[in-house]
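Here's the structure, in structure tokens; my notes come after.
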Amino acid sequence: MDFLFITQQTLSATIGVNTIIFALAAIGLNMHFGYTGLLNFGQAGFLAIGAYSVAVPVVSFGIPLWIAFLIGIFNSIIFALLLGIPTLRLRADYLAIVTIAAAEIVRQIARSATFNEWLGGSDGITGKFGKEFFDLNPFKSGLDTPILRFNANDLWVVIVGWSLVAVITFVMWIMVNSPWGRLMRAIREDEDAVRSLGKNVYLYKMQSLIIGGVIGSIGGFVYALSRQSVQPDNYGTALTFFAYTVLILGGAARVFSPVVGAMIFWFLIVFIEQILRQGVSNNLIPDWLIGVNQVGQIRFMLMGLGLMALMIFRPQGIFGDKKELALDAKA
Amino acid sequence: MQKPKSADVDFASTTSPTPGSAKSDPILVADKIVRQFGGLTAVNVDHLEIQRGSITALIGPNGAGKTTFFNLLTGYDSPNSGTWSFNGRELNGIPPHKVARLGMVRTFQLTKALYRLTVIENMALGARNQKGESVLRSVFPWIWRAQEAEIRARAIEILRKFKLLEKQDDFAAALSGGQRKLLEMARALMVEPEMIMLDEPMAGVNPALKQSLLEHIKELRTEGKTVLFVEHDMDMVHEISDWVIVMAQGAVIAEGTPASVMGNEEVIAAYLGAHHNDDLSASQEGA
């Protein structure tokens with residue numbers, strides 16, 4: 001087995017582009033679910049809106065990329081308002097149902113034949129819409145060391161992406177430790193109690209939905225730019241639930257959980273995959289047990305097993321406090 | 001009728017002990033409030049006034065509509081018809097948070113301590129007009145830090161009075177049921193209300209705590225605040241209230257001083273159920 005190669009692949013994935021995308025998606029969810037108690041099952045919709053908002057204006061309308069970013073932020077705010085206005089006055093489970101449906105509506109619209117001309121149908125959009133971004137790349141060649149390896153474009157995405165994650169995490173940290181953050185956590189515990197103290201709960205829940213959604217759509221920007229393409233089926237419900245996995249892995253309502261959770265998530269997926277691949281190709285794992293083509297599925301099975309074990313033995317996640325988790329909100 | 005500065009024996013002795021009687025200086029006035037759930041009329045209050053600066057108890061058997069009436073007054077539920085006003089301001093259609101801002105703050109029968117917030121955080125949340133609660137200003141701690149320190153200082157003062165100071169850094173969930181009741185009342189005081197509405201403040205509170213809770217409620221009257229509370233504990237009603245309002249089957253059936261109300265035959269009938277159909281329909285028609 002080539003352990004150096006396994007290490008290189010695994011470490012590169014641990015701090016790679018996918019980790020950044022999932023960290024951003026989960027930071028947004030942490031705002032929604034961790035701090036405000038909003039059960040948003042449509043985070044993929046916010047990522048999709050972010051991704052399409054950078055691709056469509058540039059490719060289909062020739063608008064500069066920088067303006068496309070602003071359009072993306074604007075669109076995700078509109079999406080949050082559309083979701084929130086009818087549902088935030090209702091009980092939490094309604095939001096869950098509506099958000100999961102809304103995210104699917106976004107995906108179905110994106111892949112519909114009607115808008116094929118602009119949104120590219122089920123094939124999505126592929127093109128050099130990130131040119132203006134990659135033109136700024138100061139790295140002429142990629143990074144190629146025994147333990148880390150990125151091509152030039154990925155290296156640029158990774159550096160900009162992690163800077164974004166750092167800034168957003170820092171701002172989140174200040175916000176959740178402010179009286180505003182306290183109010184959000186109070187809403188998570190009991191809305192009616194917060195109302196009785198003269199606070200406009202609806203307004204604050206809307207703020208949470210918008211902030212978490214905008215952060216998710218920034219994850220969508222990274223998703224689209226890093227691949228130079230947008231495909232509707234990448235933004236299905238699985239993306240939302242992986243983001244939840246990342247959040248719960250780290251521990252909800254902790255500022256660093258989404259970041260560390262995303263790193264662990266991608267570390268495990270790539271590590272398991274590489275071990276299996278090497279094992280199969282070096283005949284350490286017999287063919288009748290696992291074939292080369294099965295590795296992709298089996299890594300998710302093993303991942304699922306590992307997550308089950310985590311939930312049983314450390315339900316509060318990496319950063320969570322087991323005592324706090326035991327204090328059920330409605331005890 | 002004379003105008004007493006604060007509620008005291010004068011108010012109780014000069015007010016007519018009949019359902020819906022006029023008070024000399026009412027802070028809260030309700031008129032023809034009806035709330036129906038399908039075919040059931042949960043609340044049907046013809047007229048009710050609450051004297052400013054008094055401690056008024058709202059009693060009645062289970063299912064009399066006391067909590068529903070509380071919910072209606074505080075905006076947590078809307079009546080099918082009726083009007084009510086606080087300090088002369090109509091409250092129809094005003095959402096709960098605005099009712100609280102106008103100075104009428106309530107607590108809940110099932111205590112709503114915010115469990116995964118610490119005791120001091122629960123308290124600080126109650127303060128009004130917090131700069132740091134604005135989403136934009138929250139990012140700049142130097143804008144709100146001084147105000148936050150003042151709020152915490154005030155919270156600590158109140159916690160000391162309520163003997164919760166040593167618990168200030170514990171999660172609210174770690175408190176006993178009685179302590180949570182105390183915390184909820186202390187938190188309501190952080191809003192600096194003119195009128196405080198307590199829904200069963202004594203339920204689940206042990207006798208030792210009960211006595212100190214009674215003292216706190218009396219102190220509120222001394223400070224000029226109005227207290228309206230729902231309670232089943234008759235000893236407490238007797239001990240601290242200036243005035244008692246009795247509800248049964250959604251309607252106010254009696255009003256008066258604690259002593260007069262407890263001797264009232266209709267009240268006894270409502271509680272014990274003796275000829276209650278006859279008596280209630282008679283009283284409702286008479287009211």
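Ordering of the structure tokens sets the chain letters (A, B, ...), residue numbers begin anew at 1 in every chain, and ligands are numbered from 1 in the order given.
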
If we count only C-alpha atoms and set the cut-off at 9 Å, which residues sit around Val99 of chain B, ignoring sequence neighbours fewer than 5 positions away in its own chain? Please answer as a PyMOL selection string. (chain A and resi 196+198) or (chain B and resi 73-75+86+91+94+104-105)

Could you please select, counting only C-alpha atoms, the residues of chain A within 6 Å of chain B and state them as a ChimeraX atom specification? /A:174-175,178-180,189,193,195-200

Near segment 110-122 of chain A, counting only C-alpha atoms, which residues have an atom at most 10 Å away, once you skip same-chain residues fewer than 6 positions from it, shown as JSON, numbers by chain? {"A": [48, 49, 52, 55, 56, 57, 59, 60, 61, 104, 230, 231, 232, 233]}

Write to file, as a PDB file, in the first residue's frame, the residues of the selection just made, with C-alpha atoms.
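Output contents, as saved in again_39.pdb:
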ATOM      1  CA  ALA A  48     -28.058  26.284  -5.632  1.00  0.00           C
ATOM      2  CA  ILE A  49     -29.135  29.909  -5.748  1.00  0.00           C
ATOM      3  CA  TYR A  52     -26.607  29.615 -10.378  1.00  0.00           C
ATOM      4  CA  ALA A  55     -22.971  31.128 -13.468  1.00  0.00           C
ATOM      5  CA  VAL A  56     -26.138  32.375 -15.175  1.00  0.00           C
ATOM      6  CA  PRO A  57     -25.495  36.132 -15.272  1.00  0.00           C
ATOM      7  CA  VAL A  59     -22.626  32.861 -19.138  1.00  0.00           C
ATOM      8  CA  SER A  60     -26.131  33.729 -20.312  1.00  0.00           C
ATOM      9  CA  PHE A  61     -26.136  37.516 -19.948  1.00  0.00           C
ATOM     10  CA  GLU A 104     -36.559  20.946  -4.531  1.00  0.00           C
ATOM     11  CA  VAL A 230     -23.160  24.118 -12.177  1.00  0.00           C
ATOM     12  CA  GLN A 231     -25.260  20.986 -12.267  1.00  0.00           C
ATOM     13  CA  PRO A 232     -28.753  21.001 -10.788  1.00  0.00           C
ATOM     14  CA  ASP A 233     -28.587  17.523  -9.319  1.00  0.00           C
TER      15      ASP A 233
END

Could you tell me, as a compact mmCIF listing (two decimals) with C-alpha atoms, in the first residue's frame, which residues of segment 13-241 of chain A DSSP assigns to strand (DSSP E) when given the backbone?
# COMPACT_ATOMS: atom_id res chain seq x y z
CA ILE A 125 -24.02 25.31 -17.12
CA THR A 126 -20.39 24.76 -17.94
CA LEU A 143 1.24 22.90 -4.96
CA ASP A 144 2.91 19.50 -5.19
CA ARG A 149 -1.33 18.51 -3.66
CA PHE A 150 -3.47 21.12 -5.39
CA SER A 229 -19.78 24.34 -13.84
CA VAL A 230 -23.16 24.12 -12.18

Identify, on the basis of only C-alpha atoms, every residue whose closest approach to Met311 of chain A does not exceed 12 Å; exclude the query and any residue fewer than 3 positions from it along the same chain; express the result as a PDB file with C-alpha atoms, in the first residue's frame.
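Result written to selection-v8.pdb:
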ATOM      1  CA  THR A 245     -24.091  15.660   9.303  1.00  0.00           C
ATOM      2  CA  ILE A 248     -23.841  17.522  14.181  1.00  0.00           C
ATOM      3  CA  LEU A 249     -20.425  15.894  13.844  1.00  0.00           C
ATOM      4  CA  GLY A 250     -18.889  19.078  15.198  1.00  0.00           C
ATOM      5  CA  GLY A 251     -21.700  19.791  17.639  1.00  0.00           C
ATOM      6  CA  GLY A 304     -22.640   5.787   7.984  1.00  0.00           C
ATOM      7  CA  LEU A 305     -21.511   3.158  10.483  1.00  0.00           C
ATOM      8  CA  GLY A 306     -18.971   5.562  11.894  1.00  0.00           C
ATOM      9  CA  LEU A 307     -21.595   8.286  12.256  1.00  0.00           C
ATOM     10  CA  MET A 308     -23.930   5.897  14.036  1.00  0.00           C
ATOM     11  CA  ARG A 314     -20.679  11.091  21.573  1.00  0.00           C
ATOM     12  CA  PRO A 315     -24.090  12.474  20.703  1.00  0.00           C
ATOM     13  CA  GLN A 316     -23.066  16.038  21.447  1.00  0.00           C
ATOM     14  CA  GLY A 317     -20.472  16.036  18.632  1.00  0.00           C
ATOM     15  CA  ILE A 318     -16.846  17.045  18.933  1.00  0.00           C
ATOM     16  CA  GLY A 320     -20.707  19.902  22.250  1.00  0.00           C
ATOM     17  CA  LYS A 322     -23.082  16.415  26.879  1.00  0.00           C
TER      18      LYS A 322
END

Run DSSP on the backbone and grab whatever in segment 24-206 of chain B lands in alpha helix (DSSP H); send it over as a ChimeraX atom specification. /B:66-73,96-102,119-125,141-161,177-190

Save out the residues we just selected, C-alpha atoms, as an mmCIF file, in the first residue's frame.
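File produced: out_15.cif:
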data_model
loop_
_atom_site.group_PDB
_atom_site.id
_atom_site.type_symbol
_atom_site.label_atom_id
_atom_site.label_comp_id
_atom_site.auth_asym_id
_atom_site.auth_seq_id
_atom_site.Cartn_x
_atom_site.Cartn_y
_atom_site.Cartn_z
ATOM 1 C CA LYS B 66 -58.566 32.131 33.574
ATOM 2 C CA THR B 67 -55.520 31.259 31.515
ATOM 3 C CA THR B 68 -57.410 31.792 28.252
ATOM 4 C CA PHE B 69 -58.423 35.225 29.535
ATOM 5 C CA PHE B 70 -54.762 35.935 30.363
ATOM 6 C CA ASN B 71 -53.754 34.873 26.865
ATOM 7 C CA LEU B 72 -56.375 37.177 25.367
ATOM 8 C CA LEU B 73 -55.342 40.178 27.431
ATOM 9 C CA PRO B 96 -47.684 39.987 22.436
ATOM 10 C CA HIS B 97 -44.276 41.649 22.189
ATOM 11 C CA LYS B 98 -45.879 45.066 21.777
ATOM 12 C CA VAL B 99 -48.174 44.442 24.717
ATOM 13 C CA ALA B 100 -45.074 43.702 26.782
ATOM 14 C CA ARG B 101 -43.398 46.890 25.553
ATOM 15 C CA LEU B 102 -46.445 48.904 26.610
ATOM 16 C CA VAL B 119 -29.695 32.278 34.827
ATOM 17 C CA ILE B 120 -27.941 35.600 34.253
ATOM 18 C CA GLU B 121 -28.550 35.345 30.492
ATOM 19 C CA ASN B 122 -32.227 34.710 31.147
ATOM 20 C CA MET B 123 -32.273 37.891 33.208
ATOM 21 C CA ALA B 124 -30.296 40.055 30.816
ATOM 22 C CA LEU B 125 -32.621 39.079 28.001
ATOM 23 C CA PRO B 141 -19.101 45.094 20.864
ATOM 24 C CA TRP B 142 -17.843 48.540 21.915
ATOM 25 C CA ILE B 143 -21.263 49.965 21.034
ATOM 26 C CA TRP B 144 -23.150 47.774 23.499
ATOM 27 C CA ARG B 145 -20.613 46.731 26.114
ATOM 28 C CA ALA B 146 -21.319 49.555 28.579
ATOM 29 C CA GLN B 147 -25.075 49.047 28.383
ATOM 30 C CA GLU B 148 -24.605 45.307 28.817
ATOM 31 C CA ALA B 149 -22.628 45.907 32.013
ATOM 32 C CA GLU B 150 -25.449 48.082 33.381
ATOM 33 C CA ILE B 151 -28.015 45.449 32.497
ATOM 34 C CA ARG B 152 -26.006 42.749 34.240
ATOM 35 C CA ALA B 153 -25.607 44.904 37.329
ATOM 36 C CA ARG B 154 -29.362 45.411 37.496
ATOM 37 C CA ALA B 155 -29.936 41.690 36.897
ATOM 38 C CA ILE B 156 -27.609 40.838 39.769
ATOM 39 C CA GLU B 157 -29.514 43.169 42.096
ATOM 40 C CA ILE B 158 -32.786 41.435 41.297
ATOM 41 C CA LEU B 159 -31.234 37.962 41.500
ATOM 42 C CA ARG B 160 -29.900 38.808 44.941
ATOM 43 C CA LYS B 161 -33.399 39.758 46.075
ATOM 44 C CA GLY B 177 -39.327 23.997 39.630
ATOM 45 C CA GLY B 178 -39.844 26.626 42.311
ATOM 46 C CA GLN B 179 -36.615 28.417 41.442
ATOM 47 C CA ARG B 180 -37.694 28.534 37.803
ATOM 48 C CA LYS B 181 -40.913 30.256 38.871
ATOM 49 C CA LEU B 182 -38.814 32.771 40.772
ATOM 50 C CA LEU B 183 -36.519 33.244 37.803
ATOM 51 C CA GLU B 184 -39.443 33.815 35.467
ATOM 52 C CA MET B 185 -40.845 36.480 37.748
ATOM 53 C CA ALA B 186 -37.442 38.089 38.223
ATOM 54 C CA ARG B 187 -36.943 38.107 34.451
ATOM 55 C CA ALA B 188 -40.326 39.755 33.935
ATOM 56 C CA LEU B 189 -39.183 42.505 36.298
ATOM 57 C CA MET B 190 -36.186 43.170 34.066
#

When you look at segment 209-215 of chain B with a cut-off of 10 Å (counting only C-alpha atoms), what residues show up, excluding the ones that are within fewer than 3 positions of it in the same chain? I need them as a list in words.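 The neighbour list is Lys161, Phe162, Lys163, Gly178, Gln179, Lys181, Leu182, Met185, Pro201, Met202, Ala203, Gly204, Val205, Asn206, Lys218, Glu219, Leu220, Met236, Val237, Glu239 and Ile240 of chain B.
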
For Leu276 of chain A, work out the shell of residues within 8 Å, counting only C-alpha atoms and skipping chain neighbours fewer than 5 positions away, then give it as a ChimeraX atom specification. /A:285,295,299

Residue neighbourhood segment 70-72 of chain A, 9 Å, only C-alpha atoms, exclusion window fewer than 3 positions, as a PyMOL selection string: chain A and resi 49-54+57+65-67+75-77+214+217-218+221

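As for atom CA of Phe267 of chain A and atom CA of Thr10 of chain A, they are spaced 5.7 Å apart.
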
When distances are computed from only C-alpha atoms, which of B:Arg52, B:Lys23, B:His216, B:Lys32 shows the smallest separation from Ser81 of chain B?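 Smallest separation from Ser81 of chain B among the options: B:Lys32.
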
Nearest to Met247 of chain B: which of B:Ala12, B:Ala22, B:Ala269, B:Val45 is it, counting only C-alpha atoms?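 Ranked by minimum distance to Met247 of chain B, first place goes to B:Val45.
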